[in-house]
Amino acid sequence: MTAPTGCPVAHGRAPEPAPVGDIRAEAEQFLRLFHGEHPKTGPVQPRLAQVLAEIDETGTYRHTEGELAFGARVAWRNSARCIGRLYWQSLRVRDMRKVRDAGTVAAQCAEHLRSATNGGRIRPTVTVFAPEAPGRPAPRIWNEQLIRYAGYWDAETGAVIGDPRYLDFTEEVMRLGWQPPATRGRFDVLPLVVETAEEGVTLHELPRAVIHEVELSHPEHNWFAGLGLRWHAVPAISHMRLSIGGVSYPAAPFNGWYMGTEIGARNLADRDRYDLIGPVAERLGLDTSHDQTLWRDRALVELNRAVLHSFNRAEVTITDHHTESARFLTHLRKEEDAGRKCPADWSWIVPPMSGALTPVFHRYYDTDQLTPEFVLDPDAARRGTTGAPRAFPEPAAAEPKKLPRIRRLNWFTRRAPVPVP
């Protein structure tokens with residue numbers, strides 16, 4: 001969704017707060033932006049004076065609900081790697097800044113999925129948990145997305161069962177106490193991993209009621225359903241921090257809806273992921289003897305047709321790369337008409353399939369990094385695929401260290417999560 005930029009997090013140590021001078025400058029820039037785009041809020045000076053005094057006293061400040069919502073939406077607007085920004089103003093912002101304990105973070109992540117799924121009519125949503133504050137580090141979510149599939153080595157065949165991207169992550173959560181299903185499958189949902197400075201690392205099973213998946217079939221080839229493929233409906237990025245006016249929110253999972261190629265041309269097709277181009281080509285009876293038959297291209301198209309067909313048949317929101325490319329250019333024109341720059345990373349905006357057939361291919365884009373923004377530090381990126389390094393030192397314990405228990409969440413997350421005895 002956005003470029004992996006930001007301040008590195010030192011291994012085993014919470015990041016140092018930004019210098020007060022930097023926070024003051026970023027706060028002023030943000031507040032002028034907020035008041036400039038919301039004239040009805042009145043002049044910026046009274047609010048700016050209040051915020052600067054708060055920063056001088058505490059080293060940080062608290063956003064109003066309006067500032068938080070605006071900042072989160074503009075962070076999506078500024079996401080240079082996201083093609084789906086036309087609807088940035090519709091982003092639902094769930095204010096969970098009071099939440100710091102791991103169990104409630106996990107429970108609200110489950111509620112995020114339930115609410116965002118919306119019976120299949122996916123709603124762009126962000127849930128913002130507690131911010132970093134001097135002397136009080138914020139919680140972290142290790143997972144790249146709230147829903148990701150496990151990957152296992154098959155000792156008998158030497159092949160991978162599931163998603164190879166998460167082999168190391170799966171091994172780590174198993175070491176921490178996660179028990180995979182008795183029969184390991186290709187689409188076993190990984191537990192949610194939440195880390196806090198006070199509680200350390202905790203694992204949380206997502207309730208099946210909030211995991212909406214789509215069984216994949218093909219509009220013409222009946223054999224496709226026999227491949228046993230499926231994918232989850234909500235792409236909720238969960239390991240990026242939301243940065244607004246000098247305030248950092250390390251746990252702020254957010255989602256739009258899928259563009260079909262994200263699933264059909266990347267997750268299911270990449271050689272280091274599910275690598276299904278070969279099996280699909282074989283079932284199609286294609287000539288795979290040499291590259292000039294374009295067998296990979298033909299198999300890729302059919303795999304992507306299956307994804308779009310299946311989501312539409314299941315009445316789950318999805319878009320295709322041609323439609324979304326046209327929408328992005330509409331967004332671009334709106335931003336230009338508003339006198340704003342629209343940063344875009346060409347290598348991400350151009351779809352991974354039939355790029356030259358889409359209008360986004362044939363032009364250049366601004367590459368300025370704008371704030372507010374979603375950012376990814378290197379350690380968070382590593383945690384999302386390997387489960388290391390930890391964000392904080394392990395909490396001191398009066399008794400020998402025990403592995404964290406797996407906590408199963410009630411799908412109705414307004415109740416406290418119920419630990420397994």
# chains A, B, ... in the order shown; residues from 1 in each chain; ligands from 1
$ residues_around --residues "A:Glu262" --least-positions-apart "6" --cutoff "10 Å" --atoms "only C-alpha atoms" --output "PyMOL selection string"
chain A and resi 235+268-269+304+307+320-321+351-353
$ write_last_selection --atoms "all heavy atoms" --output "tab-separated table (two decimals), in the first residue's frame"
chain	number	residue	atom	x	y	z
A	235	PRO	N	-8.31	-7.52	2.73
A	235	PRO	CA	-6.86	-7.34	2.81
A	235	PRO	C	-6.50	-6.26	3.83
A	235	PRO	O	-6.29	-5.09	3.49
A	235	PRO	CB	-6.50	-6.91	1.38
A	235	PRO	CG	-7.71	-6.16	0.91
A	235	PRO	CD	-8.91	-6.78	1.59
A	268	LEU	N	-1.38	-16.05	-5.68
A	268	LEU	CA	-1.54	-17.42	-6.18
A	268	LEU	C	-0.58	-17.76	-7.30
A	268	LEU	O	-0.38	-18.94	-7.60
A	268	LEU	CB	-2.98	-17.64	-6.66
A	268	LEU	CG	-4.07	-17.53	-5.59
A	268	LEU	CD1	-5.44	-17.75	-6.22
A	268	LEU	CD2	-3.84	-18.53	-4.46
A	269	ALA	N	0.04	-16.75	-7.93
A	269	ALA	CA	0.84	-17.01	-9.12
A	269	ALA	C	2.35	-16.89	-8.91
A	269	ALA	O	3.12	-17.56	-9.60
A	269	ALA	CB	0.42	-16.06	-10.25
A	304	ASN	N	-6.80	-15.41	-13.08
A	304	ASN	CA	-7.39	-14.13	-12.68
A	304	ASN	C	-8.88	-14.07	-13.00
A	304	ASN	O	-9.65	-13.46	-12.25
A	304	ASN	CB	-6.64	-12.99	-13.32
A	304	ASN	CG	-5.35	-12.65	-12.58
A	304	ASN	OD1	-5.34	-11.82	-11.68
A	304	ASN	ND2	-4.26	-13.32	-12.94
A	307	VAL	N	-10.60	-15.76	-10.10
A	307	VAL	CA	-10.69	-14.94	-8.89
A	307	VAL	C	-11.85	-13.96	-9.00
A	307	VAL	O	-12.70	-13.85	-8.09
A	307	VAL	CB	-9.35	-14.20	-8.65
A	307	VAL	CG1	-9.53	-13.14	-7.55
A	307	VAL	CG2	-8.25	-15.18	-8.27
A	320	ASP	N	-11.34	-5.07	-10.87
A	320	ASP	CA	-10.35	-5.55	-11.83
A	320	ASP	C	-9.36	-4.43	-12.13
A	320	ASP	O	-9.61	-3.26	-11.84
A	320	ASP	CB	-11.02	-6.02	-13.12
A	320	ASP	CG	-11.73	-4.88	-13.84
A	320	ASP	OD1	-11.07	-4.19	-14.67
A	320	ASP	OD2	-12.92	-4.65	-13.56
A	321	HIS	N	-8.24	-4.78	-12.73
A	321	HIS	CA	-7.16	-3.82	-12.92
A	321	HIS	C	-7.47	-2.77	-13.98
A	321	HIS	O	-6.93	-1.67	-13.91
A	321	HIS	CB	-5.85	-4.54	-13.25
A	321	HIS	CG	-5.95	-5.56	-14.34
A	321	HIS	ND1	-6.69	-6.71	-14.22
A	321	HIS	CD2	-5.40	-5.61	-15.58
A	321	HIS	CE1	-6.58	-7.43	-15.32
A	321	HIS	NE2	-5.81	-6.77	-16.16
A	351	PRO	N	-0.52	-2.35	-12.94
A	351	PRO	CA	-0.90	-3.69	-12.49
A	351	PRO	C	0.12	-4.74	-12.91
A	351	PRO	O	0.83	-4.58	-13.91
A	351	PRO	CB	-2.25	-3.94	-13.18
A	351	PRO	CG	-2.77	-2.59	-13.53
A	351	PRO	CD	-1.56	-1.75	-13.81
A	352	PRO	N	0.19	-5.86	-12.16
A	352	PRO	CA	1.14	-6.92	-12.48
A	352	PRO	C	0.70	-7.81	-13.63
A	352	PRO	O	1.29	-8.87	-13.86
A	352	PRO	CB	1.22	-7.72	-11.17
A	352	PRO	CG	-0.11	-7.54	-10.56
A	352	PRO	CD	-0.53	-6.14	-10.90
A	353	MET	N	-0.33	-7.41	-14.35
A	353	MET	CA	-0.84	-8.17	-15.48
A	353	MET	C	-1.38	-7.19	-16.52
A	353	MET	O	-2.09	-6.25	-16.17
A	353	MET	CB	-1.95	-9.11	-14.99
A	353	MET	CG	-2.75	-9.82	-16.05
A	353	MET	SD	-4.02	-10.85	-15.26
A	353	MET	CE	-5.09	-11.16	-16.65
$ closest_atom_pairs --of "stretch 216-243 of chain A" --to "stretch 139-142 of chain A" --cutoff "12 Å" --atoms "only C-alpha atoms" --output "JSON lines"
{"residue": "A:Ala236", "atom": "CA", "partner": "A:Ile141", "partner_atom": "CA", "distance": 11.9}
{"residue": "A:Ile237", "atom": "CA", "partner": "A:Ile141", "partner_atom": "CA", "distance": 10.1}
{"residue": "A:Ser238", "atom": "CA", "partner": "A:Ile141", "partner_atom": "CA", "distance": 6.4}
{"residue": "A:His239", "atom": "CA", "partner": "A:Ile141", "partner_atom": "CA", "distance": 5.7}
{"residue": "A:Met240", "atom": "CA", "partner": "A:Ile141", "partner_atom": "CA", "distance": 8.8}
{"residue": "A:Arg241", "atom": "CA", "partner": "A:Arg140", "partner_atom": "CA", "distance": 9.1}
{"residue": "A:Leu242", "atom": "CA", "partner": "A:Arg140", "partner_atom": "CA", "distance": 12.0}
$ select_by_dssp --residues "stretch 242-388 of chain A" --states "alpha helix (DSSP H)" --output "PyMOL selection string"
chain A and resi 260-261+277-284+295-313+321-337+346-349+378-386
$ residues_around --residues "A:Pro43" --least-positions-apart "4" --cutoff "12 Å" --atoms "only C-alpha atoms" --output "list in words"
Leu31, Arg32, Leu33, Phe34, His35, Gly36, Glu37, His38, Pro39, Arg47, Leu48 and Ala49 of chain A
$ write_last_selection --atoms "C-alpha atoms" --output "short mmCIF file (atom, residue, chain, number, x, y, z; two decimals), in the first residue's frame"
data_model
loop_
_atom_site.label_atom_id
_atom_site.label_comp_id
_atom_site.auth_asym_id
_atom_site.auth_seq_id
_atom_site.Cartn_x
_atom_site.Cartn_y
_atom_site.Cartn_z
CA LEU A 31 -2.58 21.43 11.78
CA ARG A 32 -2.20 24.01 9.01
CA LEU A 33 -3.16 21.32 6.50
CA PHE A 34 -6.18 20.26 8.58
CA HIS A 35 -7.49 23.77 9.11
CA GLY A 36 -6.72 24.72 5.50
CA GLU A 37 -8.92 21.88 4.21
CA HIS A 38 -11.57 22.46 6.91
CA PRO A 39 -12.20 26.23 7.01
CA ARG A 47 -5.30 25.15 18.30
CA LEU A 48 -1.63 25.38 17.32
CA ALA A 49 -0.76 27.28 20.48
#
$ closest_residue --among "A:Tyr365, A:Trp153, A:Phe311, A:Phe169" --to "A:Trp231" --atoms "only C-alpha atoms"
A:Phe311
$ residues_around --residues "A:Val234" --least-positions-apart "2" --cutoff "9 Å" --atoms "only C-alpha atoms" --output "number ranges by chain"
A: 113, 116-117, 122, 146-147, 211-213, 232, 236, 255-258
$ residues_around --residues "A:Asp368" --least-positions-apart "4" --cutoff "10 Å" --atoms "only C-alpha atoms" --output "PDB file with all heavy atoms, in the first residue's frame"
ATOM      1  N   ASN A  78      -2.170   9.802   0.497  1.00  0.00           N
ATOM      2  CA  ASN A  78      -0.750   9.981   0.189  1.00  0.00           C
ATOM      3  C   ASN A  78      -0.014   8.675  -0.096  1.00  0.00           C
ATOM      4  O   ASN A  78       1.194   8.708  -0.347  1.00  0.00           O
ATOM      5  CB  ASN A  78      -0.047  10.682   1.354  1.00  0.00           C
ATOM      6  CG  ASN A  78      -0.450  12.140   1.484  1.00  0.00           C
ATOM      7  OD1 ASN A  78      -0.920  12.758   0.531  1.00  0.00           O
ATOM      8  ND2 ASN A  78      -0.270  12.696   2.677  1.00  0.00           N
ATOM      9  N   ALA A  80       1.646   6.200  -1.904  1.00  0.00           N
ATOM     10  CA  ALA A  80       2.139   6.198  -3.284  1.00  0.00           C
ATOM     11  C   ALA A  80       2.013   4.846  -3.961  1.00  0.00           C
ATOM     12  O   ALA A  80       1.996   4.772  -5.193  1.00  0.00           O
ATOM     13  CB  ALA A  80       3.602   6.647  -3.305  1.00  0.00           C
ATOM     14  N   LYS A 341      -0.568  17.678  -4.915  1.00  0.00           N
ATOM     15  CA  LYS A 341       0.225  16.659  -5.574  1.00  0.00           C
ATOM     16  C   LYS A 341      -0.329  15.282  -5.222  1.00  0.00           C
ATOM     17  O   LYS A 341      -0.911  15.084  -4.160  1.00  0.00           O
ATOM     18  CB  LYS A 341       1.693  16.747  -5.149  1.00  0.00           C
ATOM     19  CG  LYS A 341       2.418  17.970  -5.681  1.00  0.00           C
ATOM     20  CD  LYS A 341       3.898  17.915  -5.304  1.00  0.00           C
ATOM     21  CE  LYS A 341       4.653  19.096  -5.902  1.00  0.00           C
ATOM     22  NZ  LYS A 341       6.107  19.041  -5.578  1.00  0.00           N
ATOM     23  N   CYS A 342      -0.129  14.337  -6.135  1.00  0.00           N
ATOM     24  CA  CYS A 342      -0.587  12.971  -5.903  1.00  0.00           C
ATOM     25  C   CYS A 342       0.603  12.036  -6.122  1.00  0.00           C
ATOM     26  O   CYS A 342       0.894  11.639  -7.246  1.00  0.00           O
ATOM     27  CB  CYS A 342      -1.726  12.608  -6.853  1.00  0.00           C
ATOM     28  SG  CYS A 342      -2.348  10.919  -6.628  1.00  0.00           S
ATOM     29  N   PRO A 343       1.321  11.682  -5.052  1.00  0.00           N
ATOM     30  CA  PRO A 343       2.482  10.810  -5.232  1.00  0.00           C
ATOM     31  C   PRO A 343       2.067   9.422  -5.692  1.00  0.00           C
ATOM     32  O   PRO A 343       1.026   8.898  -5.277  1.00  0.00           O
ATOM     33  CB  PRO A 343       3.107  10.772  -3.836  1.00  0.00           C
ATOM     34  CG  PRO A 343       1.973  11.043  -2.900  1.00  0.00           C
ATOM     35  CD  PRO A 343       1.064  11.989  -3.635  1.00  0.00           C
ATOM     36  N   ALA A 344       2.867   8.830  -6.556  1.00  0.00           N
ATOM     37  CA  ALA A 344       2.574   7.485  -7.048  1.00  0.00           C
ATOM     38  C   ALA A 344       3.871   6.797  -7.444  1.00  0.00           C
ATOM     39  O   ALA A 344       4.720   7.394  -8.096  1.00  0.00           O
ATOM     40  CB  ALA A 344       1.615   7.536  -8.239  1.00  0.00           C
ATOM     41  N   ASP A 345       3.992   5.553  -7.033  1.00  0.00           N
ATOM     42  CA  ASP A 345       5.120   4.713  -7.405  1.00  0.00           C
ATOM     43  C   ASP A 345       4.701   3.913  -8.631  1.00  0.00           C
ATOM     44  O   ASP A 345       3.887   2.994  -8.543  1.00  0.00           O
ATOM     45  CB  ASP A 345       5.467   3.786  -6.234  1.00  0.00           C
ATOM     46  CG  ASP A 345       6.691   2.923  -6.489  1.00  0.00           C
ATOM     47  OD1 ASP A 345       6.993   2.638  -7.661  1.00  0.00           O
ATOM     48  OD2 ASP A 345       7.346   2.528  -5.510  1.00  0.00           O
TER      49      ASP A 345
END
$ residues_around --residues "A:Lys98" --least-positions-apart "3" --cutoff "12 Å" --atoms "only C-alpha atoms" --output "JSON, numbers by chain"
{"A": [62, 94, 95, 101, 104, 105, 108, 127, 128, 129, 130, 131, 132, 138, 139, 249]}
$ closest_residue --among "A:Ala133, A:Ala252, A:Leu216, A:Ile83" --to "A:Tyr61" --atoms "only C-alpha atoms"
A:Ala133
$ closest_residue --among "A:His218, A:Arg148, A:Arg165, A:Arg175" --to "A:Leu206" --atoms "only C-alpha atoms"
A:Arg148
$ closest_residue --among "A:Asp168, A:Glu302, A:Asp287, A:Asp163" --to "A:Pro219" --atoms "only C-alpha atoms"
A:Glu302
$ atom_distance --atom1 "atom CA of A:Gly185" --atom2 "atom CA of A:Gly264"
19.4 Å
$ residues_around --residues "A:Ser325" --least-positions-apart "3" --cutoff "8 Å" --atoms "only C-alpha atoms" --output "PyMOL selection string"
chain A and resi 83+321-322+328-329+350+358-360
$ atom_distance --atom1 "atom CA of A:Ala314" --atom2 "atom CA of A:Trp88"
25.2 Å
$ select_by_dssp --residues "stretch 120-155 of chain A" --states "strand (DSSP E or B)" --output "list in words"
Thr125, Val126, Thr127, Val128, Ala133, Arg136, Arg140, Ile141, Gln145, Tyr149, Gly151, Tyr152 and Trp153 of chain A
$ atom_distance --atom1 "atom CA of A:Gly177" --atom2 "atom CA of A:Pro191"
10.4 Å
$ decode --residues "stretch 51-86 of chain A" --atoms "N, CA, C and O atoms" --output "CSV table (one decimal), in the first residue's frame"
chain,number,residue,atom,x,y,z
A,51,VAL,N,-1.5,23.0,21.1
A,51,VAL,CA,-0.7,21.8,20.8
A,51,VAL,C,0.7,22.0,21.2
A,51,VAL,O,1.4,21.1,21.8
A,52,LEU,N,1.3,23.1,20.8
A,52,LEU,CA,2.7,23.4,21.1
A,52,LEU,C,3.0,23.4,22.6
A,52,LEU,O,4.0,22.9,23.0
A,53,ALA,N,2.0,24.0,23.3
A,53,ALA,CA,2.2,24.0,24.8
A,53,ALA,C,2.1,22.6,25.3
A,53,ALA,O,2.9,22.2,26.2
A,54,GLU,N,1.3,21.7,24.8
A,54,GLU,CA,1.1,20.3,25.2
A,54,GLU,C,2.4,19.6,24.9
A,54,GLU,O,2.9,18.7,25.7
A,55,ILE,N,3.0,19.8,23.7
A,55,ILE,CA,4.2,19.1,23.4
A,55,ILE,C,5.4,19.5,24.3
A,55,ILE,O,6.1,18.7,24.8
A,56,ASP,N,5.5,20.8,24.6
A,56,ASP,CA,6.5,21.3,25.5
A,56,ASP,C,6.4,20.7,26.9
A,56,ASP,O,7.4,20.4,27.6
A,57,GLU,N,5.2,20.4,27.3
A,57,GLU,CA,4.9,19.9,28.6
A,57,GLU,C,5.1,18.4,28.7
A,57,GLU,O,5.7,17.9,29.7
A,58,THR,N,4.6,17.7,27.7
A,58,THR,CA,4.6,16.2,27.7
A,58,THR,C,5.5,15.5,26.7
A,58,THR,O,5.7,14.3,26.8
A,59,GLY,N,6.0,16.2,25.7
A,59,GLY,CA,6.8,15.6,24.7
A,59,GLY,C,5.9,15.0,23.5
A,59,GLY,O,6.5,14.5,22.5
A,60,THR,N,4.6,15.2,23.6
A,60,THR,CA,3.7,14.7,22.5
A,60,THR,C,2.4,15.5,22.7
A,60,THR,O,2.3,16.4,23.5
A,61,TYR,N,1.4,15.1,21.9
A,61,TYR,CA,0.1,15.7,22.1
A,61,TYR,C,-1.0,14.8,21.6
A,61,TYR,O,-0.7,13.7,20.9
A,62,ARG,N,-2.3,15.1,21.9
A,62,ARG,CA,-3.4,14.2,21.5
A,62,ARG,C,-4.2,14.8,20.4
A,62,ARG,O,-4.6,16.0,20.5
A,63,HIS,N,-4.4,14.1,19.3
A,63,HIS,CA,-5.3,14.6,18.2
A,63,HIS,C,-6.7,14.6,18.7
A,63,HIS,O,-7.2,13.7,19.4
A,64,THR,N,-7.5,15.5,18.2
A,64,THR,CA,-8.9,15.5,18.3
A,64,THR,C,-9.4,14.3,17.5
A,64,THR,O,-8.7,13.9,16.6
A,65,GLU,N,-10.7,13.9,17.7
A,65,GLU,CA,-11.3,12.9,16.8
A,65,GLU,C,-11.3,13.3,15.3
A,65,GLU,O,-11.0,12.5,14.4
A,66,GLY,N,-11.6,14.6,15.1
A,66,GLY,CA,-11.6,15.1,13.7
A,66,GLY,C,-10.2,15.1,13.1
A,66,GLY,O,-10.1,14.8,11.9
A,67,GLU,N,-9.2,15.5,13.9
A,67,GLU,CA,-7.8,15.5,13.4
A,67,GLU,C,-7.4,14.1,13.1
A,67,GLU,O,-6.7,13.8,12.1
A,68,LEU,N,-7.7,13.1,14.0
A,68,LEU,CA,-7.3,11.7,13.7
A,68,LEU,C,-8.0,11.2,12.5
A,68,LEU,O,-7.3,10.5,11.6
A,69,ALA,N,-9.3,11.4,12.3
A,69,ALA,CA,-10.0,10.9,11.1
A,69,ALA,C,-9.4,11.5,9.8
A,69,ALA,O,-9.1,10.8,8.8
A,70,PHE,N,-9.2,12.8,9.9
A,70,PHE,CA,-8.6,13.5,8.7
A,70,PHE,C,-7.2,12.9,8.4
A,70,PHE,O,-6.8,12.6,7.3
A,71,GLY,N,-6.4,12.8,9.5
A,71,GLY,CA,-5.0,12.3,9.3
A,71,GLY,C,-4.9,10.9,8.7
A,71,GLY,O,-4.1,10.7,7.8
A,72,ALA,N,-5.8,10.0,9.1
A,72,ALA,CA,-5.8,8.7,8.6
A,72,ALA,C,-6.2,8.7,7.2
A,72,ALA,O,-5.7,7.9,6.3
A,73,ARG,N,-7.2,9.5,6.8
A,73,ARG,CA,-7.7,9.5,5.4
A,73,ARG,C,-6.7,10.1,4.5
A,73,ARG,O,-6.4,9.6,3.4
A,74,VAL,N,-6.0,11.2,5.0
A,74,VAL,CA,-4.9,11.8,4.1
A,74,VAL,C,-3.7,10.8,4.0
A,74,VAL,O,-3.1,10.8,3.0
A,75,ALA,N,-3.5,10.0,5.0
A,75,ALA,CA,-2.4,9.0,4.9
A,75,ALA,C,-2.7,8.1,3.8
A,75,ALA,O,-1.8,7.6,3.0
A,76,TRP,N,-4.0,7.7,3.6
A,76,TRP,CA,-4.4,6.8,2.5
A,76,TRP,C,-4.2,7.6,1.2
A,76,TRP,O,-3.7,7.1,0.2
A,77,ARG,N,-4.7,8.8,1.2
A,77,ARG,CA,-4.5,9.7,0.0
A,77,ARG,C,-3.1,9.8,-0.4
A,77,ARG,O,-2.8,9.9,-1.6
A,78,ASN,N,-2.2,9.8,0.5
A,78,ASN,CA,-0.8,10.0,0.2
A,78,ASN,C,0.0,8.7,-0.1
A,78,ASN,O,1.2,8.7,-0.3
A,79,SER,N,-0.7,7.5,-0.1
A,79,SER,CA,0.0,6.2,-0.2
A,79,SER,C,0.4,6.0,-1.6
A,79,SER,O,-0.4,5.6,-2.5
A,80,ALA,N,1.6,6.2,-1.9
A,80,ALA,CA,2.1,6.2,-3.3
A,80,ALA,C,2.0,4.8,-4.0
A,80,ALA,O,2.0,4.8,-5.2
A,81,ARG,N,1.9,3.8,-3.2
A,81,ARG,CA,1.8,2.4,-3.8
A,81,ARG,C,0.4,1.9,-4.0
A,81,ARG,O,0.2,0.8,-4.4
A,82,CYS,N,-0.6,2.7,-3.6
A,82,CYS,CA,-2.0,2.2,-3.6
A,82,CYS,C,-2.7,2.8,-4.8
A,82,CYS,O,-2.7,4.1,-5.0
A,83,ILE,N,-3.2,2.0,-5.7
A,83,ILE,CA,-4.0,2.4,-6.8
A,83,ILE,C,-5.4,2.8,-6.5
A,83,ILE,O,-6.1,3.5,-7.2
A,84,GLY,N,-5.9,2.4,-5.3
A,84,GLY,CA,-7.3,2.5,-5.0
A,84,GLY,C,-7.7,3.7,-4.1
A,84,GLY,O,-8.6,3.5,-3.3
A,85,ARG,N,-7.1,4.8,-4.4
A,85,ARG,CA,-7.3,6.0,-3.5
A,85,ARG,C,-8.5,6.9,-3.8
A,85,ARG,O,-8.7,7.9,-3.1
A,86,LEU,N,-9.2,6.6,-4.8
A,86,LEU,CA,-10.3,7.5,-5.2
A,86,LEU,C,-11.3,7.7,-4.1
A,86,LEU,O,-11.8,8.8,-3.9
